[in-house]
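Quick look at work-v5.txt (compact mmCIF, C-alpha atoms and all ligand atoms):
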# COMPACT_ATOMS: atom_id res chain seq x y z
CA MET A 1 -18.57 24.76 -0.44
CA ARG A 2 -16.71 21.44 -0.73
CA PHE A 3 -14.19 20.21 1.84
CA LYS A 4 -11.90 17.30 2.55
CA VAL A 5 -11.09 16.11 6.05
CA SER A 6 -8.14 13.77 6.38
CA VAL A 7 -7.66 11.85 9.61
CA PRO A 8 -4.69 9.63 10.51
CA ALA A 9 -4.76 6.01 11.63
CA SER A 10 -3.46 5.32 15.11
CA THR A 11 -1.83 2.48 16.97
CA SER A 12 -2.72 2.38 20.62
CA ASN A 13 -1.71 0.73 23.90
CA LEU A 14 1.89 0.11 22.66
CA GLY A 15 1.99 -2.91 24.98
CA PRO A 16 1.35 -1.88 28.60
CA GLY A 17 -0.40 1.49 28.03
CA PHE A 18 -3.92 0.08 27.75
CA ASP A 19 -6.45 2.87 27.01
CA ALA A 20 -3.72 5.44 27.73
CA LEU A 21 -1.12 5.60 24.93
CA GLY A 22 -1.82 6.34 21.27
CA LEU A 23 0.37 7.15 18.29
CA ALA A 24 -0.90 8.73 15.06
CA LEU A 25 0.39 7.09 11.87
CA SER A 26 1.01 8.24 8.29
CA LEU A 27 -1.98 6.40 6.84
CA TYR A 28 -5.14 8.43 6.28
CA ASN A 29 -8.85 8.12 5.76
CA GLU A 30 -10.24 11.01 3.74
CA PHE A 31 -13.77 12.32 3.91
CA LEU A 32 -15.05 14.58 1.13
CA PHE A 33 -18.20 16.43 1.94
CA GLU A 34 -20.54 19.15 0.81
CA PRO A 35 -23.88 20.48 2.03
CA SER A 36 -26.87 18.82 0.37
CA ASP A 37 -30.67 18.64 0.61
CA PHE A 38 -30.49 15.11 1.96
CA TYR A 39 -27.98 12.80 3.69
CA SER A 40 -26.00 10.46 1.45
CA VAL A 41 -22.89 8.34 1.91
CA GLU A 42 -20.58 6.91 -0.72
CA ILE A 43 -17.68 4.65 0.26
CA GLU A 44 -14.46 3.88 -1.57
CA GLY A 45 -11.77 1.46 -0.36
CA GLU A 46 -11.90 -0.36 2.97
CA GLY A 47 -15.40 -1.30 4.11
CA LYS A 48 -16.94 -0.39 0.75
CA GLU A 49 -19.20 -3.44 0.95
CA GLU A 50 -19.57 -3.83 4.72
CA LEU A 51 -20.07 -0.34 6.14
CA PRO A 52 -23.60 1.07 6.27
CA LYS A 53 -24.44 3.86 3.84
CA ASP A 54 -27.53 5.01 5.68
CA GLU A 55 -27.88 7.17 8.78
CA SER A 56 -26.37 4.41 10.92
CA ASN A 57 -22.95 5.15 9.38
CA LEU A 58 -20.61 6.19 12.20
CA PHE A 59 -19.33 9.27 10.34
CA LEU A 60 -22.89 10.51 9.78
CA LYS A 61 -24.00 9.62 13.32
CA THR A 62 -21.12 11.65 14.76
CA TYR A 63 -21.69 14.53 12.36
CA ARG A 64 -25.38 14.67 13.25
CA SER A 65 -24.75 14.40 16.95
CA THR A 66 -22.24 17.27 16.76
CA MET A 67 -24.66 19.41 14.75
CA GLU A 68 -27.39 18.65 17.27
CA TYR A 69 -25.01 19.74 20.05
CA LEU A 70 -24.48 22.99 18.12
CA GLY A 71 -28.25 23.40 17.70
CA LEU A 72 -28.09 22.99 13.92
CA ASN A 73 -29.24 20.63 11.20
CA GLN A 74 -27.64 20.59 7.76
CA PRO A 75 -27.77 17.42 5.63
CA ILE A 76 -24.53 16.57 3.84
CA LYS A 77 -23.31 14.39 1.04
CA VAL A 78 -20.15 12.56 2.09
CA LYS A 79 -17.68 10.33 0.29
CA LEU A 80 -15.52 8.20 2.59
CA ILE A 81 -12.17 7.25 1.07
CA ASN A 82 -11.07 4.58 3.52
CA ARG A 83 -7.45 3.47 3.42
CA ILE A 84 -7.27 2.18 6.98
CA PRO A 85 -8.23 -1.49 7.30
CA LEU A 86 -11.29 -2.05 9.51
CA GLY A 87 -11.41 -4.06 12.69
CA ARG A 88 -7.62 -4.30 12.92
CA GLY A 89 -6.77 -1.99 15.83
CA LEU A 90 -5.70 0.92 13.63
CA GLY A 91 -8.38 3.34 14.77
CA SER A 92 -10.59 3.37 11.68
CA SER A 93 -13.68 4.09 13.79
CA ALA A 94 -11.83 6.96 15.49
CA THR A 95 -11.19 8.55 12.08
CA ALA A 96 -14.91 8.42 11.28
CA ILE A 97 -15.72 10.02 14.65
CA VAL A 98 -13.10 12.77 14.36
CA GLY A 99 -14.03 13.31 10.70
CA GLY A 100 -17.72 13.71 11.59
CA ILE A 101 -16.92 16.25 14.31
CA LEU A 102 -14.63 18.30 12.04
CA ALA A 103 -17.21 18.23 9.25
CA ALA A 104 -19.80 19.66 11.65
CA GLU A 105 -17.35 22.33 12.82
CA ARG A 106 -16.62 23.33 9.22
CA ILE A 107 -20.25 23.39 8.08
CA SER A 108 -21.39 25.30 11.17
CA GLY A 109 -18.41 27.68 11.20
CA LYS A 110 -18.06 27.01 14.95
CA LYS A 111 -14.96 25.74 16.74
CA LEU A 112 -15.37 23.24 19.56
CA SER A 113 -12.95 23.01 22.47
CA LEU A 114 -11.00 19.78 22.91
CA PRO A 115 -13.11 18.76 25.98
CA GLU A 116 -16.26 19.26 23.86
CA VAL A 117 -14.75 17.17 21.04
CA ILE A 118 -13.84 14.40 23.47
CA ASP A 119 -17.29 14.47 25.13
CA ILE A 120 -18.95 13.94 21.75
CA ALA A 121 -16.40 11.32 20.67
CA PHE A 122 -16.85 9.35 23.90
CA LYS A 123 -20.53 8.76 23.10
CA PHE A 124 -19.30 6.60 20.24
CA GLU A 125 -15.94 5.30 21.51
CA PRO A 126 -15.42 5.52 25.26
CA HIS A 127 -11.62 5.24 25.26
CA PRO A 128 -9.34 8.11 24.19
CA ASP A 129 -6.27 6.37 22.81
CA ASN A 130 -7.33 6.38 19.14
CA VAL A 131 -9.59 9.44 19.01
CA LEU A 132 -7.03 11.74 20.63
CA PRO A 133 -4.02 10.97 18.38
CA ALA A 134 -6.34 10.99 15.36
CA TYR A 135 -7.37 14.53 16.33
CA THR A 136 -4.05 15.95 17.54
CA GLY A 137 -1.48 13.76 15.75
CA GLY A 138 1.73 12.58 17.43
CA PHE A 139 2.33 10.46 20.50
CA VAL A 140 -0.31 11.08 23.12
CA VAL A 141 -0.78 10.02 26.72
CA ALA A 142 -4.38 10.34 27.86
CA ALA A 143 -5.95 9.98 31.30
CA THR A 144 -9.70 10.07 31.78
CA ASN A 145 -11.92 10.20 34.83
CA GLY A 146 -14.87 12.27 33.78
CA ASP A 147 -12.42 14.92 32.57
CA LEU A 148 -9.67 14.33 30.04
CA HIS A 149 -6.05 15.06 30.90
CA TYR A 150 -3.53 14.54 28.14
CA ILE A 151 -0.07 15.37 26.94
CA LYS A 152 1.56 15.10 23.55
CA LEU A 153 5.10 13.75 23.88
CA ASP A 154 8.04 13.79 21.49
CA TRP A 155 8.45 10.71 19.35
CA PRO A 156 11.99 9.93 18.15
CA ASP A 157 12.46 10.85 14.47
CA ASP A 158 14.27 7.63 13.60
CA LEU A 159 11.67 5.22 15.00
CA LYS A 160 9.12 3.95 12.48
CA VAL A 161 6.24 1.55 12.98
CA VAL A 162 5.97 -1.61 10.91
CA ILE A 163 2.34 -2.70 11.00
CA VAL A 164 1.48 -6.26 10.04
CA VAL A 165 -2.12 -6.52 8.86
CA PRO A 166 -3.48 -10.07 8.86
CA GLU A 167 -6.76 -10.86 7.13
CA LEU A 168 -8.42 -11.26 10.53
CA PHE A 169 -11.29 -8.92 11.40
CA LEU A 170 -11.55 -8.33 15.13
CA SER A 171 -14.14 -5.92 16.46
CA THR A 172 -13.01 -3.81 19.40
CA GLU A 173 -16.11 -4.94 21.28
CA ASP A 174 -15.22 -8.63 20.90
CA SER A 175 -11.59 -7.99 21.73
CA ARG A 176 -12.56 -6.11 24.91
CA SER A 177 -15.03 -8.80 25.93
CA VAL A 178 -12.23 -11.32 26.63
CA LEU A 179 -10.61 -9.05 29.25
CA PRO A 180 -11.19 -9.69 32.96
CA GLU A 181 -13.08 -7.26 35.20
CA SER A 182 -10.22 -7.04 37.72
CA TYR A 183 -6.51 -7.84 37.90
CA PRO A 184 -4.15 -9.13 40.58
CA LYS A 185 -2.05 -6.42 42.24
CA LYS A 186 1.19 -7.89 40.85
CA ASP A 187 -0.10 -7.55 37.27
CA VAL A 188 -1.14 -3.93 37.81
CA ILE A 189 2.31 -3.17 39.24
CA PHE A 190 3.92 -5.00 36.31
CA ASN A 191 2.14 -2.70 33.85
CA ILE A 192 2.75 0.51 35.78
CA GLN A 193 6.49 -0.26 35.81
CA ARG A 194 6.54 -0.91 32.09
CA VAL A 195 4.54 2.14 31.02
CA ALA A 196 7.01 4.27 32.98
CA LEU A 197 9.95 2.39 31.45
CA LEU A 198 8.50 2.79 27.95
CA LEU A 199 8.09 6.56 28.28
CA GLY A 200 11.59 6.89 29.73
CA ALA A 201 13.17 4.68 27.05
CA LEU A 202 11.53 6.74 24.29
CA GLN A 203 12.52 10.02 25.90
CA LYS A 204 16.17 8.96 26.29
CA ARG A 205 16.19 6.97 23.02
CA ASP A 206 17.40 3.94 24.95
CA TYR A 207 15.87 1.48 22.50
CA GLY A 208 17.45 -1.56 24.18
CA LEU A 209 14.86 -1.15 26.95
CA LEU A 210 11.85 -1.24 24.62
CA LYS A 211 11.51 -5.03 24.45
CA GLU A 212 10.97 -5.23 28.22
CA ALA A 213 8.96 -1.98 28.25
CA VAL A 214 6.23 -3.24 25.90
CA LYS A 215 5.50 -6.35 27.98
CA ASP A 216 1.99 -6.28 29.37
CA ARG A 217 -0.33 -8.29 31.62
CA ILE A 218 -3.55 -6.32 31.12
CA HIS A 219 -4.70 -7.20 27.62
CA GLN A 220 -2.24 -9.07 25.38
CA PRO A 221 -2.24 -12.31 27.45
CA TYR A 222 -6.04 -12.47 27.04
CA ARG A 223 -6.28 -11.31 23.44
CA CYS A 224 -3.43 -13.40 22.07
CA ASP A 225 -5.71 -16.43 21.62
CA LEU A 226 -7.80 -14.43 19.14
CA ILE A 227 -4.81 -14.20 16.79
CA PRO A 228 -3.30 -17.52 15.67
CA SER A 229 0.45 -17.79 16.45
CA PHE A 230 0.52 -14.28 17.93
CA TRP A 231 3.63 -14.93 20.05
CA GLU A 232 5.44 -16.54 17.13
CA VAL A 233 4.79 -13.43 15.01
CA VAL A 234 6.14 -11.32 17.89
CA SER A 235 9.22 -13.51 18.19
CA GLU A 236 9.95 -13.35 14.43
CA GLY A 237 9.69 -9.56 14.57
CA TYR A 238 12.35 -9.45 17.29
CA LYS A 239 14.60 -11.91 15.42
CA ALA A 240 14.42 -9.66 12.34
CA GLY A 241 15.60 -6.62 14.31
CA ALA A 242 12.56 -4.89 15.88
CA TYR A 243 13.10 -3.16 19.23
CA ALA A 244 9.51 -3.68 20.34
CA VAL A 245 6.60 -5.79 19.08
CA TYR A 246 3.07 -5.43 20.43
CA LEU A 247 -0.61 -5.90 19.61
CA SER A 248 -1.87 -2.71 17.93
CA GLY A 249 -4.90 -1.46 19.85
CA ALA A 250 -7.50 -4.18 20.16
CA GLY A 251 -5.88 -6.12 17.27
CA SER A 252 -5.59 -7.91 14.99
CA CYS A 253 -2.67 -5.86 13.63
CA ILE A 254 0.71 -6.32 15.22
CA GLY A 255 3.06 -3.33 15.45
CA ALA A 256 6.86 -3.34 15.53
CA LEU A 257 9.06 -0.36 16.43
CA ALA A 258 12.35 -0.19 14.55
CA ASP A 259 14.93 2.20 13.13
CA GLY A 260 15.93 -0.03 10.21
CA ASN A 261 15.36 -3.46 8.60
CA PHE A 262 11.74 -2.45 8.10
CA ASP A 263 11.06 -4.82 5.18
CA GLU A 264 12.88 -7.73 6.82
CA ILE A 265 10.77 -7.26 9.96
CA GLY A 266 7.52 -7.00 8.00
CA ARG A 267 8.30 -10.03 5.85
CA ALA A 268 9.44 -12.18 8.79
CA MET A 269 6.22 -11.47 10.68
CA CYS A 270 4.01 -12.04 7.62
CA ASN A 271 5.77 -15.37 6.95
CA VAL A 272 4.28 -16.76 10.16
CA PHE A 273 0.76 -15.93 8.95
CA ASP A 274 1.61 -17.33 5.47
CA ALA A 275 2.56 -20.66 7.03
CA LEU A 276 -0.88 -20.78 8.68
CA GLY A 277 -2.64 -19.97 5.40
CA ILE A 278 -3.69 -16.53 6.71
CA GLU A 279 -3.15 -13.72 4.20
CA SER A 280 -1.29 -10.71 5.53
CA ARG A 281 0.63 -7.64 4.43
CA TYR A 282 2.77 -5.07 6.15
CA LEU A 283 2.99 -1.29 6.11
CA VAL A 284 6.02 0.77 7.06
CA LEU A 285 4.63 3.94 8.62
CA ASP A 286 5.95 7.17 10.04
CA VAL A 287 4.37 8.99 12.90
CA ASP A 288 1.85 11.63 11.83
CA ARG A 289 2.69 14.79 13.76
CA ASP A 290 -0.24 17.02 12.80
CA GLY A 291 -3.46 15.06 13.23
CA ALA A 292 -6.74 15.66 11.44
CA LYS A 293 -6.73 18.31 8.73
CA ILE A 294 -9.38 20.12 6.79
CA GLU A 295 -8.82 21.31 3.23
CA GLU A 296 -11.06 23.33 0.90
CA LEU A 297 -11.67 21.69 -2.49
N1 LIG A 301 -14.06 4.39 8.25
C1 LIG A 301 -15.23 4.16 8.85
N2 LIG A 301 -16.35 4.80 8.44
C2 LIG A 301 -17.53 4.58 9.04
N3 LIG A 301 -17.70 3.73 10.07
C3 LIG A 301 -16.65 3.06 10.51
C4 LIG A 301 -15.36 3.24 9.93
N4 LIG A 301 -14.49 2.44 10.60
C5 LIG A 301 -15.16 1.79 11.55
N5 LIG A 301 -16.48 2.15 11.50
C6 LIG A 301 -17.56 1.67 12.36
O1 LIG A 301 -17.09 1.53 13.69
C7 LIG A 301 -17.53 0.28 14.21
C8 LIG A 301 -16.57 -0.16 15.27
O2 LIG A 301 -15.32 -0.41 14.68
P1 LIG A 301 -14.18 -1.10 15.54
O3 LIG A 301 -13.77 -0.17 16.64
O4 LIG A 301 -14.59 -2.45 15.94
O5 LIG A 301 -13.06 -1.28 14.50
P2 LIG A 301 -11.91 -0.32 14.03
O6 LIG A 301 -12.15 1.10 14.34
O7 LIG A 301 -11.66 -0.66 12.63
O8 LIG A 301 -10.72 -0.82 14.84
P3 LIG A 301 -10.10 -0.23 16.15
O9 LIG A 301 -11.03 0.73 16.83
O10 LIG A 301 -9.83 -1.44 16.98
O11 LIG A 301 -8.85 0.43 15.74
C9 LIG A 301 -17.61 -0.64 13.00
O12 LIG A 301 -18.53 -1.63 13.14
C10 LIG A 301 -18.04 0.32 11.89
O13 LIG A 301 -19.46 0.39 11.78
N1 LIG A 302 -7.38 0.75 24.01
C1 LIG A 302 -8.38 0.17 23.15
C2 LIG A 302 -8.06 0.50 21.73
C3 LIG A 302 -9.01 -0.04 20.71
O1 LIG A 302 -8.39 0.03 19.44
C4 LIG A 302 -8.37 -1.34 23.36
O2 LIG A 302 -7.28 -1.91 23.46
O3 LIG A 302 -9.46 -1.93 23.44
Show how you would write the structure in this file as structure tokens.
Ligand SMILES: Nc1ncnc2c1ncn2[C@@H]1O[C@H](COP(=O)(O)OP(=O)(O)OP(=O)(O)O)[C@@H](O)[C@H]1O
Ligand SMILES: N[C@@H](CCO)C(=O)O
Amino acid sequence: MRFKVSVPASTSNLGPGFDALGLALSLYNEFLFEPSDFYSVEIEGEGKEELPKDESNLFLKTYRSTMEYLGLNQPIKVKLINRIPLGRGLGSSATAIVGGILAAERISGKKLSLPEVIDIAFKFEPHPDNVLPAYTGGFVVAATNGDLHYIKLDWPDDLKVVIVVPELFLSTEDSRSVLPESYPKKDVIFNIQRVALLLGALQKRDYGLLKEAVKDRIHQPYRCDLIPSFWEVVSEGYKAGAYAVYLSGAGSCIGALADGNFDEIGRAMCNVFDALGIESRYLVLDVDRDGAKIEEL
């Protein structure tokens, strides 16, 4: 009884949609697991050295919490094959959470409802914009207030995401700690207008509107100081042909939406980090439409 769970990365916020918008990407963490007499964790790839291999590992914590919720206890042996860089705003922690929940579902033979999945996930990550696309795939709008309300929207086939990954680790906790507790009314209105514009521009494929639509006054103006030359990277992305450039999730990755010139955009943005002596690379990713998957081995 051996299984593989694969869970996509996600890029969230997309500028103004703080804690509301998330997009699953074609980059996957894979978790291989089998029942065992004791818990054990092996890690390959990202976080091999840094991530805990004991019971404090987020995958195991989520698995155990889900099993506890189901009234069960079954130790497992898990191998995490991590391809998503950590602490970069690409939803690596969300993949571990979703992976742990799916592993518990598979081992127990029980299927949880989406509200149950989200309730468990929220104990570990109390914002939905990575967990939800990781679970469902696609472009997701999520609204929470005790209950979760969400909708999966169409994403245009021709629009890819160029993700620039600087060698800058930024924990979500630190990146959230720089945000204010409250915002002036004009900034809230600014963001509401742009989220609406963004959804409309994507629906109508009016890409010329995207540059204005991804402007934001809720998080990027506060987080930009954590990423050297953030606005210069953004500007180079636009010059190279991107329609929209934004901070991916809590950072430090920067995402660019484009329907061509993908390598030019990636290189132009990385050149800014090169000039600062910060290593970086870029990934050209499609949108994952299907979300987390389980496969028998
Ligand atoms: N693939 C993983 N496997 C196990 N634990 C992970 C994994 N990825 C992240 N974590 C755990 O989640 C904690 C919180 O991660 P954090 O949210 O800061 O970063 P992230 O998930 O890489 O980025 P983000 O959520 O901004 O996209 C980390 O300290 C780590 O212990
Ligand atoms: N919406 C969350 C995503 C974390 O990746 C944030 O921006 O803090």
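With distances restricted to all atoms listed in the file, A:Asp174 is the closest residue to ligand LIG 302 (chain A) from A:Asp206, A:Glu212, A:Asp174, A:Asp119.
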At a cut-off of 8 Å around ligand LIG 302 (chain A), and using only C-alpha atoms and all ligand atoms, what residues come up? Please write them as an mmCIF file with C-alpha atoms, keeping the file's coordinate frame.
data_model
loop_
_atom_site.group_PDB
_atom_site.id
_atom_site.type_symbol
_atom_site.label_atom_id
_atom_site.label_comp_id
_atom_site.auth_asym_id
_atom_site.auth_seq_id
_atom_site.Cartn_x
_atom_site.Cartn_y
_atom_site.Cartn_z
ATOM 1 C CA THR A 11 -1.830 2.480 16.970
ATOM 2 C CA SER A 12 -2.720 2.380 20.620
ATOM 3 C CA ASN A 13 -1.710 0.730 23.900
ATOM 4 C CA PHE A 18 -3.920 0.080 27.750
ATOM 5 C CA ASP A 19 -6.450 2.870 27.010
ATOM 6 C CA ALA A 20 -3.720 5.440 27.730
ATOM 7 C CA LEU A 21 -1.120 5.600 24.930
ATOM 8 C CA ARG A 88 -7.620 -4.300 12.920
ATOM 9 C CA GLY A 89 -6.770 -1.990 15.830
ATOM 10 C CA LEU A 90 -5.700 0.920 13.630
ATOM 11 C CA GLY A 91 -8.380 3.340 14.770
ATOM 12 C CA HIS A 127 -11.620 5.240 25.260
ATOM 13 C CA PRO A 128 -9.340 8.110 24.190
ATOM 14 C CA ASP A 129 -6.270 6.370 22.810
ATOM 15 C CA ASN A 130 -7.330 6.380 19.140
ATOM 16 C CA THR A 172 -13.010 -3.810 19.400
ATOM 17 C CA GLU A 173 -16.110 -4.940 21.280
ATOM 18 C CA SER A 175 -11.590 -7.990 21.730
ATOM 19 C CA ARG A 176 -12.560 -6.110 24.910
ATOM 20 C CA HIS A 219 -4.700 -7.200 27.620
ATOM 21 C CA SER A 248 -1.870 -2.710 17.930
ATOM 22 C CA GLY A 249 -4.900 -1.460 19.850
ATOM 23 C CA ALA A 250 -7.500 -4.180 20.160
ATOM 24 C CA GLY A 251 -5.880 -6.120 17.270
#
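Across the structure, CA of Asp216 (chain A) and CA of Ala96 (chain A) are spaced 28.8 Å apart.
Using only C-alpha atoms and all ligand atoms, the shortest contact distance between ligand LIG 301 (chain A) and any of A:Glu44, A:Glu279, A:Asp290, A:Asp187 is found at A:Glu44.
Across the structure, CA of Gly71 (chain A) and CA of Asn57 (chain A) are spaced 20.7 Å apart.
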